[in-house]
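Visitor: What follows is target-v9.csv, made up of CSV, N, CA and C atoms:
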chain,number,residue,atom,x,y,z
W,1,MET,N,99.4,-8.2,20.4
W,1,MET,CA,100.1,-6.9,20.6
W,1,MET,C,99.1,-5.7,20.4
W,2,ARG,N,98.2,-5.9,19.4
W,2,ARG,CA,97.3,-4.8,19.1
W,2,ARG,C,96.4,-4.6,20.4
W,3,ASP,N,95.9,-5.7,21.0
W,3,ASP,CA,95.1,-5.5,22.2
W,3,ASP,C,95.8,-4.9,23.3
W,4,LEU,N,97.0,-5.2,23.5
W,4,LEU,CA,97.8,-4.5,24.6
W,4,LEU,C,97.9,-3.0,24.3
W,5,LEU,N,98.2,-2.7,23.1
W,5,LEU,CA,98.3,-1.2,22.7
W,5,LEU,C,97.0,-0.5,22.9
W,6,ARG,N,95.9,-1.1,22.5
W,6,ARG,CA,94.6,-0.5,22.7
W,6,ARG,C,94.3,-0.3,24.2
W,7,ARG,N,94.6,-1.3,25.0
W,7,ARG,CA,94.3,-1.2,26.4
W,7,ARG,C,95.1,-0.1,27.0
W,8,GLU,N,96.4,0.1,26.6
W,8,GLU,CA,97.2,1.2,27.2
W,8,GLU,C,96.7,2.6,26.7
W,9,VAL,N,96.3,2.6,25.4
W,9,VAL,CA,95.8,3.9,24.9
W,9,VAL,C,94.5,4.3,25.6
W,10,GLU,N,93.7,3.3,25.8
W,10,GLU,CA,92.4,3.6,26.5
W,10,GLU,C,92.6,4.0,27.9
W,11,ALA,N,93.5,3.3,28.6
W,11,ALA,CA,93.8,3.7,30.0
W,11,ALA,C,94.4,5.1,30.1
W,12,ASN,N,95.2,5.5,29.2
W,12,ASN,CA,95.8,6.8,29.1
W,12,ASN,C,94.7,7.9,28.9
W,13,ARG,N,93.8,7.6,27.9
W,13,ARG,CA,92.7,8.5,27.6
W,13,ARG,C,91.8,8.7,28.8
W,14,VAL,N,91.4,7.6,29.5
W,14,VAL,CA,90.6,7.7,30.6
W,14,VAL,C,91.2,8.5,31.7
W,15,ALA,N,92.5,8.3,31.9
W,15,ALA,CA,93.2,9.0,33.0
W,15,ALA,C,93.2,10.5,32.8
W,16,TYR,N,93.2,11.0,31.5
W,16,TYR,CA,93.3,12.4,31.3
W,16,TYR,C,92.0,13.1,30.9
W,17,GLU,N,90.9,12.3,30.7
W,17,GLU,CA,89.6,12.9,30.3
W,17,GLU,C,88.7,12.9,31.5
W,18,ALA,N,88.8,13.9,32.3
W,18,ALA,CA,88.0,14.0,33.6
W,18,ALA,C,86.5,14.1,33.3
W,19,ARG,N,86.1,14.7,32.1
W,19,ARG,CA,84.7,15.0,31.8
W,19,ARG,C,84.1,13.8,31.1
W,20,SER,N,84.8,12.8,30.8
W,20,SER,CA,84.2,11.7,30.0
W,20,SER,C,83.2,10.9,30.8
W,21,TYR,N,82.4,10.2,30.1
W,21,TYR,CA,81.4,9.2,30.7
W,21,TYR,C,82.0,7.8,30.5
W,22,CYS,N,81.4,6.9,31.3
W,22,CYS,CA,81.9,5.5,31.2
W,22,CYS,C,80.9,4.5,31.6
W,23,VAL,N,81.1,3.3,31.2
W,23,VAL,CA,80.5,2.1,31.8
W,23,VAL,C,81.5,1.3,32.5
W,24,ALA,N,81.2,0.7,33.6
W,24,ALA,CA,82.2,-0.1,34.3
W,24,ALA,C,81.6,-1.3,35.0
W,25,SER,N,82.5,-2.2,35.3
W,25,SER,CA,82.1,-3.3,36.2
W,25,SER,C,83.1,-3.3,37.3
W,26,LEU,N,82.5,-3.3,38.5
W,26,LEU,CA,83.3,-3.3,39.7
W,26,LEU,C,83.0,-4.6,40.4
W,27,SER,N,84.1,-5.4,40.6
W,27,SER,CA,84.0,-6.7,41.2
W,27,SER,C,84.8,-6.8,42.5
W,28,TYR,N,84.3,-7.4,43.5
W,28,TYR,CA,85.1,-7.5,44.7
W,28,TYR,C,84.6,-8.7,45.5
W,29,ILE,N,85.5,-9.2,46.4
W,29,ILE,CA,85.1,-10.2,47.3
W,29,ILE,C,85.1,-9.6,48.7
W,30,TYR,N,84.2,-10.0,49.5
W,30,TYR,CA,84.1,-9.5,50.9
W,30,TYR,C,83.7,-10.6,51.8
W,31,ASN,N,84.0,-10.4,53.1
W,31,ASN,CA,83.6,-11.4,54.1
W,31,ASN,C,82.3,-10.9,54.7
W,32,HIS,N,81.2,-11.7,54.5
W,32,HIS,CA,79.9,-11.2,54.9
W,32,HIS,C,79.7,-11.3,56.4
W,33,HIS,N,80.7,-11.8,57.1
W,33,HIS,CA,80.6,-11.8,58.6
W,33,HIS,C,81.2,-10.5,59.2
W,34,GLU,N,81.8,-9.7,58.3
W,34,GLU,CA,82.3,-8.4,58.8
W,34,GLU,C,81.2,-7.5,59.2
W,35,ARG,N,81.3,-6.9,60.4
W,35,ARG,CA,80.2,-6.2,61.0
W,35,ARG,C,79.6,-5.2,60.1
W,36,GLU,N,78.3,-5.4,59.7
W,36,GLU,CA,77.4,-4.5,59.0
W,36,GLU,C,78.0,-4.1,57.6
W,37,LEU,N,79.0,-4.9,57.1
W,37,LEU,CA,79.5,-4.6,55.8
W,37,LEU,C,78.5,-4.7,54.7
W,38,ALA,N,77.8,-5.8,54.6
W,38,ALA,CA,76.8,-6.0,53.6
W,38,ALA,C,75.8,-4.9,53.5
W,39,GLU,N,75.4,-4.4,54.7
W,39,GLU,CA,74.4,-3.3,54.8
W,39,GLU,C,75.0,-2.0,54.3
W,40,ARG,N,76.3,-1.8,54.6
W,40,ARG,CA,77.0,-0.5,54.2
W,40,ARG,C,77.1,-0.6,52.7
W,41,LEU,N,77.5,-1.7,52.1
W,41,LEU,CA,77.6,-1.8,50.6
W,41,LEU,C,76.3,-1.6,49.9
W,42,THR,N,75.2,-2.2,50.5
W,42,THR,CA,73.9,-2.0,49.9
W,42,THR,C,73.5,-0.5,50.0
W,43,GLU,N,73.7,0.1,51.2
W,43,GLU,CA,73.3,1.5,51.4
W,43,GLU,C,74.1,2.4,50.4
W,44,ALA,N,75.4,2.1,50.1
W,44,ALA,CA,76.1,2.9,49.2
W,44,ALA,C,75.6,2.8,47.8
W,45,GLN,N,75.2,1.6,47.4
W,45,GLN,CA,74.6,1.4,46.1
W,45,GLN,C,73.3,2.1,45.9
W,46,HIS,N,72.4,2.1,47.0
W,46,HIS,CA,71.2,2.9,46.9
W,46,HIS,C,71.4,4.4,46.9
W,47,ALA,N,72.4,4.8,47.7
W,47,ALA,CA,72.7,6.3,47.7
W,47,ALA,C,73.2,6.8,46.4
W,48,HIS,N,73.8,5.8,45.5
W,48,HIS,CA,74.3,6.2,44.2
W,48,HIS,C,73.5,5.5,43.1
W,49,HIS,N,72.2,5.5,43.3
W,49,HIS,CA,71.3,4.8,42.3
W,49,HIS,C,71.5,5.4,40.9
W,50,ASP,N,72.0,6.7,40.8
W,50,ASP,CA,72.2,7.3,39.5
W,50,ASP,C,73.4,6.7,38.8
W,51,LEU,N,74.3,6.0,39.5
W,51,LEU,CA,75.5,5.3,38.9
W,51,LEU,C,75.3,3.8,38.8
W,52,VAL,N,74.6,3.2,39.7
W,52,VAL,CA,74.5,1.8,39.8
W,52,VAL,C,73.4,1.3,38.8
W,53,VAL,N,73.7,0.5,37.8
W,53,VAL,CA,72.8,-0.1,36.9
W,53,VAL,C,72.3,-1.4,37.4
W,54,ALA,N,73.1,-2.3,37.9
W,54,ALA,CA,72.8,-3.6,38.4
W,54,ALA,C,73.9,-4.1,39.3
W,55,ALA,N,73.5,-5.1,40.1
W,55,ALA,CA,74.4,-5.8,41.0
W,55,ALA,C,74.1,-7.3,41.0
W,56,MET,N,75.2,-8.1,41.1
W,56,MET,CA,75.0,-9.5,41.2
W,56,MET,C,75.8,-10.0,42.4
W,57,HIS,N,75.2,-10.8,43.2
W,57,HIS,CA,75.8,-11.3,44.5
W,57,HIS,C,75.9,-12.8,44.4
W,58,VAL,N,77.1,-13.3,44.7
W,58,VAL,CA,77.4,-14.7,44.6
W,58,VAL,C,78.0,-15.2,45.9
W,59,HIS,N,77.5,-16.3,46.5
W,59,HIS,CA,78.0,-16.9,47.7
W,59,HIS,C,79.2,-17.8,47.3
W,60,LEU,N,80.4,-17.5,47.7
W,60,LEU,CA,81.5,-18.3,47.3
W,60,LEU,C,81.8,-19.5,48.3
W,61,ASP,N,81.6,-19.2,49.6
W,61,ASP,CA,81.8,-20.2,50.6
W,61,ASP,C,81.1,-19.7,51.9
W,62,HIS,N,81.4,-20.3,53.0
W,62,HIS,CA,80.7,-20.0,54.3
W,62,HIS,C,81.0,-18.5,54.7
W,63,ASP,N,82.2,-18.0,54.3
W,63,ASP,CA,82.6,-16.7,54.8
W,63,ASP,C,82.6,-15.6,53.7
W,64,ASN,N,82.8,-16.0,52.4
W,64,ASN,CA,83.1,-15.0,51.4
W,64,ASN,C,82.0,-14.9,50.3
W,65,CYS,N,81.8,-13.7,49.9
W,65,CYS,CA,80.8,-13.4,48.8
W,65,CYS,C,81.5,-12.6,47.7
W,66,LEU,N,81.1,-12.8,46.5
W,66,LEU,CA,81.6,-12.0,45.3
W,66,LEU,C,80.4,-11.1,44.9
W,67,GLU,N,80.7,-9.9,44.7
W,67,GLU,CA,79.7,-9.0,44.2
W,67,GLU,C,80.3,-8.3,43.0
W,68,THR,N,79.5,-8.2,41.9
W,68,THR,CA,79.8,-7.4,40.7
W,68,THR,C,78.7,-6.4,40.5
W,69,VAL,N,79.2,-5.1,40.4
W,69,VAL,CA,78.3,-4.0,40.3
W,69,VAL,C,78.5,-3.4,38.9
W,70,VAL,N,77.5,-3.2,38.1
W,70,VAL,CA,77.6,-2.5,36.8
W,70,VAL,C,77.3,-1.1,37.0
W,71,LEU,N,78.2,-0.2,36.6
W,71,LEU,CA,78.0,1.3,36.8
W,71,LEU,C,78.0,2.0,35.5
W,72,LYS,N,77.4,3.2,35.4
W,72,LYS,CA,77.6,4.1,34.3
W,72,LYS,C,77.3,5.5,34.8
W,73,GLY,N,78.1,6.4,34.1
W,73,GLY,CA,78.0,7.8,34.5
W,73,GLY,C,79.3,8.5,34.3
W,74,PRO,N,79.4,9.7,34.9
W,74,PRO,CA,80.6,10.5,34.7
W,74,PRO,C,81.8,9.7,35.3
W,75,THR,N,82.9,9.6,34.5
W,75,THR,CA,84.0,8.8,34.9
W,75,THR,C,84.5,9.1,36.3
W,76,ALA,N,84.6,10.4,36.7
W,76,ALA,CA,85.1,10.7,38.0
W,76,ALA,C,84.2,10.2,39.1
W,77,ALA,N,82.9,10.3,38.9
W,77,ALA,CA,81.9,9.8,39.9
W,77,ALA,C,82.0,8.2,40.0
W,78,VAL,N,82.1,7.6,38.9
W,78,VAL,CA,82.2,6.1,38.9
W,78,VAL,C,83.5,5.7,39.6
W,79,ARG,N,84.6,6.3,39.3
W,79,ARG,CA,85.9,6.0,39.9
W,79,ARG,C,85.8,6.3,41.4
W,80,GLY,N,85.2,7.3,41.8
W,80,GLY,CA,85.0,7.6,43.2
W,80,GLY,C,84.2,6.6,44.0
W,81,PHE,N,83.1,6.2,43.4
W,81,PHE,CA,82.3,5.1,44.0
W,81,PHE,C,83.1,3.8,44.1
W,82,ALA,N,83.8,3.5,43.0
W,82,ALA,CA,84.6,2.2,43.0
W,82,ALA,C,85.7,2.3,44.1
W,83,SER,N,86.4,3.4,44.2
W,83,SER,CA,87.4,3.6,45.2
W,83,SER,C,86.9,3.5,46.6
W,84,ARG,N,85.8,4.1,46.9
W,84,ARG,CA,85.2,4.1,48.2
W,84,ARG,C,84.7,2.7,48.6
W,85,THR,N,84.2,2.0,47.6
W,85,THR,CA,83.7,0.6,47.8
W,85,THR,C,84.9,-0.3,48.2
W,86,GLN,N,85.9,-0.2,47.4
W,86,GLN,CA,87.1,-1.0,47.6
W,86,GLN,C,87.8,-0.7,48.9
W,87,ALA,N,87.6,0.5,49.4
W,87,ALA,CA,88.3,0.9,50.6
W,87,ALA,C,87.5,0.5,51.9
W,88,GLU,N,86.3,0.0,51.7
W,88,GLU,CA,85.5,-0.5,52.9
W,88,GLU,C,86.3,-1.6,53.6
W,89,ARG,N,86.3,-1.5,54.9
W,89,ARG,CA,86.9,-2.6,55.7
W,89,ARG,C,86.2,-3.9,55.5
W,90,GLY,N,87.0,-4.9,55.1
W,90,GLY,CA,86.4,-6.2,54.8
W,90,GLY,C,86.3,-6.5,53.4
W,91,VAL,N,86.4,-5.5,52.5
W,91,VAL,CA,86.4,-5.7,51.1
W,91,VAL,C,87.8,-6.1,50.6
W,92,ARG,N,87.9,-7.2,49.8
W,92,ARG,CA,89.2,-7.7,49.4
W,92,ARG,C,89.1,-8.0,47.9
W,93,HIS,N,90.2,-8.0,47.3
W,93,HIS,CA,90.4,-8.4,45.8
W,93,HIS,C,89.5,-7.6,44.9
W,94,GLY,N,89.4,-6.3,45.1
W,94,GLY,CA,88.5,-5.4,44.3
W,94,GLY,C,89.2,-5.1,43.0
W,95,GLN,N,88.4,-5.0,41.9
W,95,GLN,CA,88.9,-4.7,40.6
W,95,GLN,C,87.8,-3.9,39.8
W,96,VAL,N,88.2,-2.9,39.2
W,96,VAL,CA,87.3,-2.1,38.3
W,96,VAL,C,87.7,-2.2,36.9
W,97,ASN,N,86.8,-2.5,36.0
W,97,ASN,CA,87.1,-2.5,34.5
W,97,ASN,C,86.2,-1.4,33.9
W,98,LEU,N,86.9,-0.3,33.5
W,98,LEU,CA,86.2,0.9,33.0
W,98,LEU,C,86.4,1.1,31.5
W,99,VAL,N,85.3,1.5,30.8
W,99,VAL,CA,85.4,1.8,29.4
W,99,VAL,C,84.7,3.1,29.2
W,100,THR,N,85.4,4.1,28.6
W,100,THR,CA,84.8,5.4,28.3
W,100,THR,C,83.8,5.3,27.2
W,101,VAL,N,82.8,6.1,27.2
W,101,VAL,CA,81.7,6.2,26.2
W,101,VAL,C,81.4,7.6,25.9
W,102,GLU,N,80.8,7.8,24.8
W,102,GLU,CA,80.3,9.1,24.4
W,102,GLU,C,78.8,9.1,24.6
W,103,THR,N,78.3,10.2,25.0
W,103,THR,CA,76.8,10.3,25.1
W,103,THR,C,76.3,10.8,23.8
W,104,GLY,N,75.1,10.4,23.5
W,104,GLY,CA,74.5,10.8,22.2
W,104,GLY,C,73.5,9.7,21.7
W,105,ASP,N,72.9,9.9,20.6
W,105,ASP,CA,72.0,9.0,20.1
W,105,ASP,C,72.7,8.1,19.1
W,106,ALA,N,72.7,6.8,19.5
W,106,ALA,CA,73.4,5.8,18.7
W,106,ALA,C,72.5,5.3,17.5
W,107,HIS,N,71.2,5.7,17.6
W,107,HIS,CA,70.3,5.2,16.5
W,107,HIS,C,70.0,6.4,15.6
W,108,SER,N,70.3,6.2,14.3
W,108,SER,CA,69.9,7.2,13.3
W,108,SER,C,69.4,6.5,12.1
W,109,GLY,N,68.7,7.3,11.3
W,109,GLY,CA,68.2,6.8,10.0
W,109,GLY,C,66.7,6.3,10.2
W,110,PRO,N,66.0,6.2,9.1
W,110,PRO,CA,64.6,5.8,9.2
W,110,PRO,C,64.5,4.4,9.7
W,111,GLY,N,63.5,4.2,10.5
W,111,GLY,CA,63.2,2.8,11.0
W,111,GLY,C,64.1,2.3,12.1
W,112,SER,N,65.1,3.1,12.5
W,112,SER,CA,66.0,2.6,13.5
W,112,SER,C,65.8,3.1,14.9
W,113,HIS,N,64.6,3.8,15.1
W,113,HIS,CA,64.3,4.3,16.5
W,113,HIS,C,63.8,3.2,17.3
W,114,HIS,N,64.5,3.0,18.5
W,114,HIS,CA,64.1,1.8,19.3
W,114,HIS,C,64.4,2.3,20.8
W,115,HIS,N,63.4,2.0,21.7
W,115,HIS,CA,63.5,2.3,23.1
W,115,HIS,C,63.7,1.1,24.0
W,116,HIS,N,64.5,1.2,25.0
W,116,HIS,CA,64.7,0.2,26.0
W,116,HIS,C,64.3,0.8,27.3
W,117,GLY,N,63.2,0.4,27.9
W,117,GLY,CA,62.8,0.9,29.2
W,117,GLY,C,62.6,2.4,29.2
W,118,THR,N,63.1,3.1,30.3
W,118,THR,CA,62.9,4.5,30.4
W,118,THR,C,64.2,5.3,30.2
W,119,CYS,N,65.1,4.7,29.5
W,119,CYS,CA,66.4,5.4,29.2
W,119,CYS,C,66.2,6.7,28.4
W,120,THR,N,66.7,7.8,28.8
W,120,THR,CA,66.5,9.0,28.1
W,120,THR,C,67.6,9.4,27.1
W,121,SER,N,68.8,8.8,27.3
W,121,SER,CA,69.9,9.0,26.4
W,121,SER,C,70.7,7.7,26.3
W,122,SER,N,71.4,7.6,25.2
W,122,SER,CA,72.2,6.4,25.0
W,122,SER,C,73.6,6.7,25.2
W,123,LEU,N,74.4,5.7,25.5
W,123,LEU,CA,75.8,5.8,25.6
W,123,LEU,C,76.4,5.0,24.4
W,124,VAL,N,77.4,5.6,23.8
W,124,VAL,CA,78.1,5.0,22.6
W,124,VAL,C,79.5,4.5,23.0
W,125,LEU,N,79.8,3.3,22.9
W,125,LEU,CA,81.1,2.8,23.2
W,125,LEU,C,82.1,3.4,22.2
W,126,THR,N,83.2,3.8,22.6
W,126,THR,CA,84.3,4.4,21.8
W,126,THR,C,85.4,3.4,21.7
W,127,ARG,N,86.0,3.3,20.6
W,127,ARG,CA,87.2,2.5,20.4
W,127,ARG,C,88.5,3.3,20.5
W,128,ALA,N,89.4,2.8,21.2
W,128,ALA,CA,90.7,3.5,21.3
W,128,ALA,C,91.3,3.5,19.9
W,129,ARG,N,91.8,4.7,19.5
W,129,ARG,CA,92.4,4.8,18.2
W,129,ARG,C,93.9,5.0,18.4
W,130,CYS,N,94.7,4.3,17.5
W,130,CYS,CA,96.1,4.5,17.5
W,130,CYS,C,96.6,4.6,16.1
W,131,CYS,N,97.9,5.0,16.0
W,131,CYS,CA,98.5,5.3,14.7
W,131,CYS,C,98.9,3.9,14.0
Could you quickly redo this structure as structure tokens?
Guide:
Amino acid sequence: MRDLLRREVEANRVAYEARSYCVASLSYIYNHHERELAERLTEAQHAHHDLVVAAMHVHLDHDNCLETVVLKGPTAAVRGFASRTQAERGVRHGQVNLVTVETGDAHSGPGSHHHHGTCTSSLVLTRARCC
């Protein structure tokens, strides 16, 4: 019951906080025989390199592929990218899982400074709070 309540509170918060940032996974199945679809999906990911963190491509069978794209950035931009991707002709069974985050430095205190690659800011996961 607690998990259901948290999920609903988080969904409500995401819906009303247009300025929030998020991390998300976008998963979809598509027919790779659809005319130039794979190229269009790849082009969209490159055009939004500021949002796309990583992508994984899986061959399901002769016709279908599963792709999961990890995204981060402003919630509105991530939602827009996900919606446009899911609306592409030939994309089926799309689902986005979005979690809002706060921007800021998650590391504080002596000896806790740690860098990963070239990241200039960190994102802090927030937990949905309820009464």
Visitor: Closest to W:Tyr21 among W:Thr75, W:Thr68, W:Asn97, W:Gln45, using all atoms listed in the file?
Guide: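 Closest candidate: W:Thr75.
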Visitor: Using all atoms listed in the file, which of the listed residues (W:Ile29, W:Cys22, W:Ala77, W:Ala54) sits closest to W:Arg92?
Guide: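 When distances to W:Arg92 are compared using all atoms listed in the file, the smallest one comes from W:Ile29.
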Visitor: Closest to W:Gly94 among W:His49, W:Tyr28, W:His57, W:Asp63, using only C-alpha atoms?
Guide: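 Ranked by minimum distance to W:Gly94, first place goes to W:Tyr28.
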Visitor: Go ahead and fit an axis-aligned box to every listed atom of stretch 56-60 of chain W plus 4 Å each side, and pass me the centre and edge lengths in Å, one decimal, as JSON.
Guide:
{"center_x": 78.4, "center_y": -13.8, "center_z": 44.7, "size_x": 14.8, "size_y": 19.4, "size_z": 15.2}
